[in-house]
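Raw data33.tsv, TSV, C-alpha atoms:
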chain	number	residue	atom	x	y	z
A	1	MET	CA	74.77	-19.66	166.22
A	2	HIS	CA	75.65	-18.84	169.82
A	3	SER	CA	79.19	-19.79	170.91
A	4	ASP	CA	77.88	-22.39	173.35
A	5	ASN	CA	76.01	-24.02	170.46
A	6	TRP	CA	79.26	-24.29	168.48
A	7	ALA	CA	80.96	-25.91	171.47
A	8	ASN	CA	78.03	-28.32	171.90
A	9	LYS	CA	78.05	-29.17	168.20
A	10	ALA	CA	81.80	-29.86	168.34
A	11	LYS	CA	81.33	-32.10	171.37
A	12	GLN	CA	78.50	-34.03	169.68
A	13	MET	CA	80.72	-34.59	166.64
A	14	GLY	CA	83.59	-35.82	168.82
A	15	TYR	CA	85.82	-32.77	168.37
A	16	ARG	CA	87.85	-31.20	171.15
A	17	SER	CA	86.90	-27.61	170.43
A	18	ARG	CA	84.64	-25.41	168.32
A	19	ALA	CA	87.79	-24.18	166.53
A	20	VAL	CA	87.30	-27.00	164.01
A	21	PHE	CA	84.45	-25.03	162.46
A	22	LYS	CA	86.75	-22.04	161.89
A	23	LEU	CA	89.23	-24.23	160.04
A	24	GLU	CA	86.48	-26.02	158.13
A	25	GLU	CA	85.00	-22.75	156.86
A	26	ILE	CA	88.38	-21.32	155.87
A	27	LEU	CA	89.40	-24.48	153.98
A	28	ASN	CA	86.01	-24.53	152.24
A	29	LYS	CA	86.37	-20.87	151.23
A	30	ILE	CA	89.75	-21.50	149.62
A	31	ASN	CA	88.37	-24.67	148.01
A	32	PHE	CA	90.93	-26.87	149.74
A	33	LYS	CA	89.94	-30.35	148.58
A	34	LYS	CA	93.16	-32.22	147.83
A	35	SER	CA	94.46	-34.33	150.69
A	36	PRO	CA	97.72	-32.79	151.92
A	37	ASN	CA	100.64	-35.17	152.38
A	38	ASN	CA	102.21	-33.36	155.34
A	39	VAL	CA	100.50	-30.87	157.66
A	40	LEU	CA	102.14	-28.78	160.37
A	41	ASP	CA	99.87	-27.57	163.18
A	42	ILE	CA	101.54	-24.74	165.11
A	43	GLY	CA	100.11	-24.02	168.57
A	44	SER	CA	98.03	-27.16	168.30
A	45	ALA	CA	96.58	-27.65	171.81
A	46	PRO	CA	93.95	-28.80	172.56
A	47	GLY	CA	94.13	-30.50	169.15
A	48	GLY	CA	90.90	-29.57	167.39
A	49	TRP	CA	92.55	-28.54	164.14
A	50	SER	CA	94.82	-31.62	164.03
A	51	GLN	CA	91.77	-33.75	164.77
A	52	TYR	CA	89.84	-32.11	161.92
A	53	ILE	CA	92.64	-32.71	159.41
A	54	ILE	CA	93.05	-36.38	160.36
A	55	LYS	CA	89.30	-36.98	160.24
A	56	ASN	CA	88.80	-35.29	156.87
A	57	PHE	CA	92.12	-36.16	155.22
A	58	PRO	CA	93.00	-39.55	156.78
A	59	LYS	CA	96.00	-40.13	154.48
A	60	SER	CA	97.70	-36.95	155.73
A	61	LYS	CA	100.56	-36.99	158.19
A	62	VAL	CA	100.01	-34.32	160.84
A	63	TYR	CA	102.83	-32.91	162.96
A	64	ALA	CA	101.63	-30.79	165.87
A	65	VAL	CA	103.67	-28.46	168.09
A	66	ASP	CA	102.67	-26.63	171.26
A	67	ILE	CA	104.14	-25.64	174.62
A	68	LEU	CA	100.91	-26.88	176.21
A	69	GLU	CA	100.03	-30.54	176.68
A	70	MET	CA	97.85	-32.14	174.06
A	71	LYS	CA	96.13	-35.48	174.54
A	72	PRO	CA	97.14	-38.02	171.88
A	73	ILE	CA	95.26	-38.18	168.58
A	74	GLU	CA	95.70	-41.25	166.44
A	75	GLY	CA	97.70	-40.33	163.35
A	76	VAL	CA	99.10	-37.08	164.82
A	77	PHE	CA	102.73	-36.72	165.86
A	78	PHE	CA	102.77	-34.27	168.78
A	79	PHE	CA	105.82	-32.43	170.11
A	80	LYS	CA	105.61	-30.45	173.36
A	81	LYS	CA	107.96	-27.60	172.46
A	82	SER	CA	107.94	-23.89	171.75
A	83	ILE	CA	107.64	-23.02	168.08
A	84	GLU	CA	110.86	-21.08	168.58
A	85	GLU	CA	112.54	-24.50	168.98
A	86	ILE	CA	110.93	-26.08	165.92
A	87	ASP	CA	114.29	-26.60	164.20
A	88	SER	CA	115.28	-28.96	167.03
A	89	ILE	CA	112.38	-31.33	166.29
A	90	GLY	CA	113.97	-33.97	164.08
A	91	PRO	CA	110.89	-35.34	162.27
A	92	ILE	CA	109.68	-31.83	161.40
A	93	ASN	CA	113.14	-30.61	160.46
A	94	ASN	CA	113.55	-33.62	158.15
A	95	LEU	CA	110.32	-32.65	156.38
A	96	LYS	CA	111.19	-28.99	155.81
A	97	ARG	CA	110.24	-27.95	152.30
A	98	LYS	CA	107.79	-30.85	152.13
A	99	PHE	CA	104.67	-29.51	153.90
A	100	ASP	CA	101.50	-28.81	151.91
A	101	LEU	CA	99.61	-27.08	154.69
A	102	VAL	CA	100.62	-25.14	157.79
A	103	ILE	CA	97.84	-24.26	160.22
A	104	SER	CA	98.19	-21.99	163.22
A	105	ASP	CA	95.56	-20.99	165.74
A	106	ILE	CA	98.31	-19.92	168.12
A	107	ALA	CA	97.76	-17.05	170.53
A	108	PRO	CA	99.74	-15.70	173.46
A	109	ASN	CA	98.33	-15.32	176.93
A	110	LEU	CA	96.51	-12.01	176.69
A	111	SER	CA	97.38	-9.28	179.18
A	112	GLY	CA	94.48	-6.95	178.40
A	113	ILE	CA	96.92	-4.23	177.31
A	114	ASP	CA	96.25	-3.72	173.61
A	115	ALA	CA	99.75	-2.58	172.62
A	116	VAL	CA	101.42	-5.51	174.42
A	117	ASP	CA	98.93	-8.08	173.16
A	118	SER	CA	99.12	-6.83	169.56
A	119	GLU	CA	102.92	-6.96	169.60
A	120	ASN	CA	102.95	-10.50	171.06
A	121	ILE	CA	100.41	-11.70	168.51
A	122	TYR	CA	102.37	-10.08	165.68
A	123	ILE	CA	105.60	-11.77	166.84
A	124	LEU	CA	103.92	-15.20	166.96
A	125	ASN	CA	102.32	-14.72	163.55
A	126	LYS	CA	105.56	-13.51	161.99
A	127	LEU	CA	107.30	-16.58	163.42
A	128	SER	CA	104.51	-18.79	162.02
A	129	LEU	CA	105.00	-17.12	158.65
A	130	LYS	CA	108.76	-17.76	158.76
A	131	ILE	CA	108.19	-21.41	159.68
A	132	ALA	CA	105.70	-21.77	156.82
A	133	ASN	CA	108.13	-20.20	154.35
A	134	ASP	CA	110.83	-22.62	155.50
A	135	CYS	CA	108.41	-25.53	155.10
A	136	PHE	CA	107.05	-24.46	151.70
A	137	TYR	CA	110.06	-23.06	149.86
A	138	GLU	CA	110.80	-26.03	147.60
A	139	LYS	CA	107.15	-26.56	146.76
A	140	LEU	CA	106.57	-22.90	145.92
A	141	GLU	CA	109.22	-23.15	143.22
A	142	LYS	CA	106.98	-25.61	141.37
A	143	VAL	CA	104.27	-23.68	139.57
A	144	ASP	CA	101.65	-26.43	139.80
A	145	ILE	CA	101.94	-26.93	143.57
A	146	HIS	CA	100.03	-24.82	146.05
A	147	ALA	CA	100.94	-24.64	149.70
A	148	ASN	CA	98.69	-23.00	152.23
A	149	LEU	CA	99.05	-21.21	155.53
A	150	VAL	CA	96.12	-20.58	157.83
A	151	VAL	CA	97.03	-18.23	160.67
A	152	ARG	CA	94.97	-16.33	163.24
A	153	GLN	CA	95.48	-12.65	163.92
A	154	PHE	CA	93.50	-10.06	165.81
A	155	SER	CA	93.59	-6.72	164.01
A	156	ASN	CA	93.82	-5.03	160.65
A	157	GLU	CA	97.12	-3.45	161.70
A	158	ILE	CA	98.65	-6.91	162.21
A	159	SER	CA	97.09	-8.06	158.95
A	160	ALA	CA	98.78	-5.19	157.07
A	161	LEU	CA	102.16	-5.95	158.70
A	162	LEU	CA	101.86	-9.65	157.84
A	163	ARG	CA	100.86	-8.92	154.28
A	164	ASN	CA	103.89	-6.66	153.93
A	165	ALA	CA	106.19	-9.26	155.51
A	166	GLU	CA	104.83	-11.96	153.23
A	167	SER	CA	105.05	-9.85	150.08
A	168	ASN	CA	108.72	-9.30	150.86
A	169	SER	CA	109.36	-13.05	150.97
A	170	THR	CA	107.44	-14.19	147.90
A	171	ASP	CA	105.30	-12.53	145.26
A	172	ARG	CA	103.06	-15.58	144.86
A	173	VAL	CA	100.98	-15.07	147.98
A	174	GLN	CA	97.47	-13.75	148.24
A	175	CYS	CA	96.06	-12.72	151.61
A	176	ARG	CA	92.39	-13.05	152.39
A	177	SER	CA	90.53	-12.57	155.65
A	178	SER	CA	87.56	-14.31	157.18
A	179	GLN	CA	85.46	-14.04	160.32
A	180	PRO	CA	84.13	-17.61	160.68
A	181	PRO	CA	80.85	-17.74	162.60
A	182	ALA	CA	82.36	-20.08	165.20
A	183	ASN	CA	84.49	-17.17	166.51
A	184	ILE	CA	83.39	-15.71	169.81
A	185	THR	CA	85.94	-12.90	170.04
A	186	SER	CA	86.91	-10.08	167.77
A	187	CYS	CA	89.82	-12.06	166.37
A	188	LEU	CA	89.98	-12.00	162.62
A	189	PRO	CA	91.71	-15.01	161.13
A	190	ILE	CA	93.69	-14.44	157.99
A	191	TRP	CA	94.73	-17.16	155.62
A	192	MET	CA	97.49	-16.86	153.10
A	193	VAL	CA	97.36	-18.88	149.94
A	194	SER	CA	100.33	-19.26	147.62
Please render this file's structure as structure tokens.
Amino acid sequence: MHSDNWANKAKQMGYRSRAVFKLEEILNKINFKKSPNNVLDIGSAPGGWSQYIIKNFPKSKVYAVDILEMKPIEGVFFFKKSIEEIDSIGPINNLKRKFDLVISDIAPNLSGIDAVDSENIYILNKLSLKIANDCFYEKLEKVDIHANLVVRQFSNEISALLRNAESNSTDRVQCRSSQPPANITSCLPIWMVS
């Protein structure tokens, strides 16, 4: 399907962006059916992923963070802050170790210089990974509980670095990659499932 068709389909369904179809495919591939209690959406603007979670898992509480503005979504708690300041957000800080799902479609402003862009993307993804580990730690100690992180990255080099970083923090993580058809760039999302 052409990228404009994805955008049109999203609009017809009442979604803010075609990114919802990326998340939908990834969650389907990992057979994510159980309604998460608490979801953290990192780099949430314009809100498509938060919107998808609330629509499909209406009992979930979604906490969204971005430095960009995001129009309100019923059932989503939005905080206009950098993810580097996430510890200063009281409601999120109070829920550390209690999130079931962390989703991140965050990306820096691209400069067009591959080395710079790759480094910036890697830094954001590593920070997302750290935040997810902080949010999941207690749950990962319980064998029957699975927490999930969905994070976007752009190259196999970044994927290898993230896999290495994650394997150093816990041995219960599997990394899998997907290129959802709703993508229009060469970005290759990776999701990590504990």
- Residue nearest A:Ile67 among A:Ile54, A:Ile83, A:Val39, A:Val102 (counting only C-alpha atoms):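 Of all the options, A:Ile83 lies closest to A:Ile67.
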Can you tell me, as a short mmCIF file (atom, residue, chain, number, x, y, z; two decimals) with C-alpha atoms, in the frame of the given file, what residues are no more than 10 Å from A:Asn93 when counting all atoms listed in the file, ignoring any on the same chain fewer than 5 positions away?
data_model
loop_
_atom_site.label_atom_id
_atom_site.label_comp_id
_atom_site.auth_asym_id
_atom_site.auth_seq_id
_atom_site.Cartn_x
_atom_site.Cartn_y
_atom_site.Cartn_z
CA ILE A 86 110.93 -26.08 165.92
CA ASP A 87 114.29 -26.60 164.20
CA SER A 88 115.28 -28.96 167.03
CA LYS A 98 107.79 -30.85 152.13
CA ASP A 134 110.83 -22.62 155.50
CA CYS A 135 108.41 -25.53 155.10
#
Within 12 Å of stretch 108-115 of chain A: each stretch 56-101 of chain A residue with its shortest pair, all atoms listed in the file, as a Markdown table:
| residue | atom | partner | partner_atom | distance |
| --- | --- | --- | --- | --- |
| A:Asp66 | CA | A:Pro108 | CA | 11.5 |
| A:Ile67 | CA | A:Pro108 | CA | 10.9 |
| A:Leu68 | CA | A:Pro108 | CA | 11.6 |
| A:Ser82 | CA | A:Pro108 | CA | 11.7 |
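Separating atom CA of A:Leu101 from atom CA of A:Leu149 is a distance of 6.0 Å.
Distance check against A:Ala45 using only C-alpha atoms: of A:Lys61, A:Lys126, A:Lys11, A:Lys80, the minimum falls on A:Lys80.
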- Task: Grab the atom CA of A:Phe78 to atom CA of A:Gln51 distance for me, in Å with one decimal place.
- Result: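 Computing the Euclidean distance for atom CA of A:Phe78 and atom CA of A:Gln51 yields 11.7 Å.
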- Quick one, how far is atom CA of A:Pro36 from atom CA of A:Asp100?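 According to the coordinates, atom CA of A:Pro36 and atom CA of A:Asp100 are separated by 5.5 Å.
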- Pick out the residues sitting within 7 Å of stretch 16-22 of chain A, and hand them over as a list of chain:residue names; count all atoms listed in the file, and ignore anything fewer than 4 positions along from it in its own chain.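 Returned residues: A:Trp6, A:Ala7, A:Ala10, A:Lys11, A:Ile26, A:Pro46, A:Gly47, A:Gly48, A:Trp49, A:Tyr52, A:Pro180, A:Ala182.
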Resulting file, chosen residues, C-alpha atoms, as a CSV table (one decimal), in the coordinates of the input:
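The resulting out12.csv:
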chain,number,residue,atom,x,y,z
A,6,TRP,CA,79.3,-24.3,168.5
A,7,ALA,CA,81.0,-25.9,171.5
A,10,ALA,CA,81.8,-29.9,168.3
A,11,LYS,CA,81.3,-32.1,171.4
A,26,ILE,CA,88.4,-21.3,155.9
A,46,PRO,CA,94.0,-28.8,172.6
A,47,GLY,CA,94.1,-30.5,169.2
A,48,GLY,CA,90.9,-29.6,167.4
A,49,TRP,CA,92.6,-28.5,164.1
A,52,TYR,CA,89.8,-32.1,161.9
A,180,PRO,CA,84.1,-17.6,160.7
A,182,ALA,CA,82.4,-20.1,165.2
- May I ask which of the residues A:Ile42, A:Ile103, A:Ile53, A:Ala132 is the closest one to A:Phe79, counting only C-alpha atoms?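 Checking each of A:Ile42, A:Ile103, A:Ile53, A:Ala132 against A:Phe79, counting only C-alpha atoms, the winner is A:Ile42.
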- Message: Calculated over only C-alpha atoms, which of the candidates A:Phe32, A:Ser60, A:Val65, A:Val150 has the smallest distance to A:Ile89?
- Response: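 Of the candidates, the smallest distance to A:Ile89 is held by A:Val65.
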- A:Leu40, A:Lys33, A:Glu119, A:Asn8 ranked by distance to A:Ile131, top pick (using all atoms listed in the file): A:Leu40
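With all atoms listed in the file as the atoms that count, the minimum distance from A:Tyr63 to the choices A:Asn28, A:Ser118, A:Ser104, A:Ser35 is reached by A:Ser104.
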With 3 Å added on each side, what axis-aligned box encloses every listed atom of stretch 130-133 of chain A? Give the centre and edge lengths in Å to one decimal, as JSON.
{"center_x": 107.2, "center_y": -19.8, "center_z": 157.0, "size_x": 9.1, "size_y": 10.0, "size_z": 11.3}
For N, CA and C atoms, please extract stretch 71-88 of chain A from the block and return it as a compact mmCIF listing (two decimals), in the first residue's frame.
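Writing the result to selection.txt gives the following:
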# COMPACT_ATOMS: atom_id res chain seq x y z
N LYS A 71 -2.06 17.20 21.07
CA LYS A 71 -3.45 17.51 21.39
C LYS A 71 -3.99 16.44 22.34
N PRO A 72 -4.87 16.84 23.26
CA PRO A 72 -5.38 15.89 24.25
C PRO A 72 -6.08 14.68 23.63
N ILE A 73 -5.92 13.55 24.28
CA ILE A 73 -6.61 12.31 23.95
C ILE A 73 -7.26 11.83 25.23
N GLU A 74 -8.54 11.58 25.17
CA GLU A 74 -9.25 11.12 26.37
C GLU A 74 -8.62 9.82 26.88
N GLY A 75 -8.28 9.80 28.16
CA GLY A 75 -7.69 8.63 28.77
C GLY A 75 -6.17 8.60 28.73
N VAL A 76 -5.54 9.62 28.13
CA VAL A 76 -4.08 9.69 28.05
C VAL A 76 -3.60 10.86 28.88
N PHE A 77 -2.62 10.59 29.74
CA PHE A 77 -2.00 11.64 30.55
C PHE A 77 -0.74 12.10 29.82
N PHE A 78 -0.76 13.33 29.31
CA PHE A 78 0.36 13.83 28.50
C PHE A 78 1.21 14.81 29.30
N PHE A 79 2.54 14.68 29.14
CA PHE A 79 3.50 15.56 29.80
C PHE A 79 4.45 16.11 28.74
N LYS A 80 4.47 17.43 28.60
CA LYS A 80 5.34 18.08 27.62
C LYS A 80 6.71 18.29 28.26
N LYS A 81 7.56 17.28 28.13
CA LYS A 81 8.90 17.30 28.72
C LYS A 81 9.82 16.44 27.87
N SER A 82 11.11 16.68 28.03
CA SER A 82 12.12 15.82 27.42
C SER A 82 12.15 14.49 28.16
N ILE A 83 12.43 13.42 27.44
CA ILE A 83 12.52 12.13 28.13
C ILE A 83 13.71 12.10 29.09
N GLU A 84 14.65 13.01 28.90
CA GLU A 84 15.77 13.11 29.83
C GLU A 84 15.31 13.60 31.20
N GLU A 85 14.11 14.21 31.26
CA GLU A 85 13.56 14.72 32.51
C GLU A 85 12.44 13.84 33.05
N ILE A 86 12.36 12.61 32.59
CA ILE A 86 11.22 11.76 32.93
C ILE A 86 11.12 11.50 34.43
N ASP A 87 12.26 11.49 35.13
CA ASP A 87 12.23 11.27 36.58
C ASP A 87 11.55 12.40 37.34
N SER A 88 11.42 13.57 36.70
CA SER A 88 10.78 14.71 37.36
C SER A 88 9.26 14.72 37.18
